Amino acid sequence: MIQSMTGFGKATLQLPSKKITVEVKSLNSKGLDLNVRMPSVYRELELGLRNEIAVRLERGKVDFSVYVEMTGEQTSTKINVPIVKAYIQQMREVIADADETELMKMAVRMPDALKTERDEIDENDWIEIQKVIQEALDNIARFRIDEGKSLENEFQLRIGNIRQHMNDALALDPERMQAIKDRLQTAIDEMKVNVDENRFEQELIFYLEKLDITEEKVRLSTHLDYFLETIKGTEANGRKLGFITQEMGREINTMGSKANHAQMQKLVVMMKDELEKIKEQVLNVL
């Protein structure tokens, strides 16, 4: 079963003094492009977290965020009292009759007036936070699976359309071959020269063999079957699907170069259009 690289997962946790929110977003990318945002207090744990995310998500442009909202009365930000007093004293020297309240308002806006004391990691809190991280990763994994099902349905539709257009093109083959024979015979007749019929027949057969698309049809059918088989597999297979579409494109292009028939050319263009739609969606496959 294929998975999409596009996904979103979110989970929240309420601790006694703070609310933890974990969000994971991913888009398609050739490899893993991981951006992690989290409070500085947890930075020392980031490397292990990155490794875990890499194992779970494998590929994609991933934005992983941990938000902490303080809900209790405690706060790690405090007034830097000596600095604030020094600012007030300096401002009194400049404006002797200034109002004390106004001086205080001005002082707390000055640089270093507030200081943030570094919190230490609470091991019990981190254990709970790890659980909510796992929940968010589980949620994005489910999202990717659901998106993968939509992609699979899209691929089956497009592959079916290519197969139908290919069969329609093959149905035109007898008409195409006869039209080529008639065109060549007419050209010979207009030249009004004597032609060795046996030699002409041999050259005609050789020419028609060069325009035969049976081999391309067989190879394209094989690629279509392999594509459908691959999307049913259990391993990540976006790159493999990309390689298969390249092979499909080669066979379709060869059919177009050999067609020499207006209606068949139209069907080839329709096959190319379906293939381009497949290629666009393959970029989203994990």
# chains A, B, ... in the order shown; residues from 1 in each chain; ligands from 1
call {"tool": "closest_atom_pairs", "arguments": {"of": "stretch 55-167 of chain A", "to": "stretch 241-262 of chain A", "cutoff": "12 Å", "atoms": "only C-alpha atoms", "output": "CSV"}}
result
residue,atom,partner,partner_atom,distance
A:Glu152,CA,A:Leu241,CA,11.8
A:Phe155,CA,A:Leu241,CA,10.6
A:Arg158,CA,A:Thr245,CA,11.8
A:Ile159,CA,A:Met248,CA,10.4
A:Ile162,CA,A:Ile252,CA,9.6
A:Arg163,CA,A:Ile252,CA,11.0
A:His165,CA,A:Ile252,CA,10.7
A:Met166,CA,A:Ile252,CA,8.9
call {"tool": "select_by_dssp", "arguments": {"residues": "stretch 27-185 of chain A", "states": "strand (DSSP E or B)", "output": "ChimeraX atom specification"}}
result
/A:27,32-37,60-70,77-79,114-116
call {"tool": "select_by_dssp", "arguments": {"residues": "stretch 41-266 of chain A", "states": "helix (DSSP H, G or I)", "output": "ChimeraX atom specification"}}
result
/A:41-57,81-94,100-107,123-171,173-191,197-210,214-231,238-259,262-266
call {"tool": "residues_around", "arguments": {"residues": "stretch 52-60 of chain A", "least_positions_apart": "6", "cutoff": "6 Å", "atoms": "only C-alpha atoms", "output": "PyMOL selection string"}}
result
chain A and resi 5+26-29+31-32
call {"tool": "atom_distance", "arguments": {"atom1": "atom CA of A:Ala169", "atom2": "atom CA of A:His223"}}
result
17.3 Å
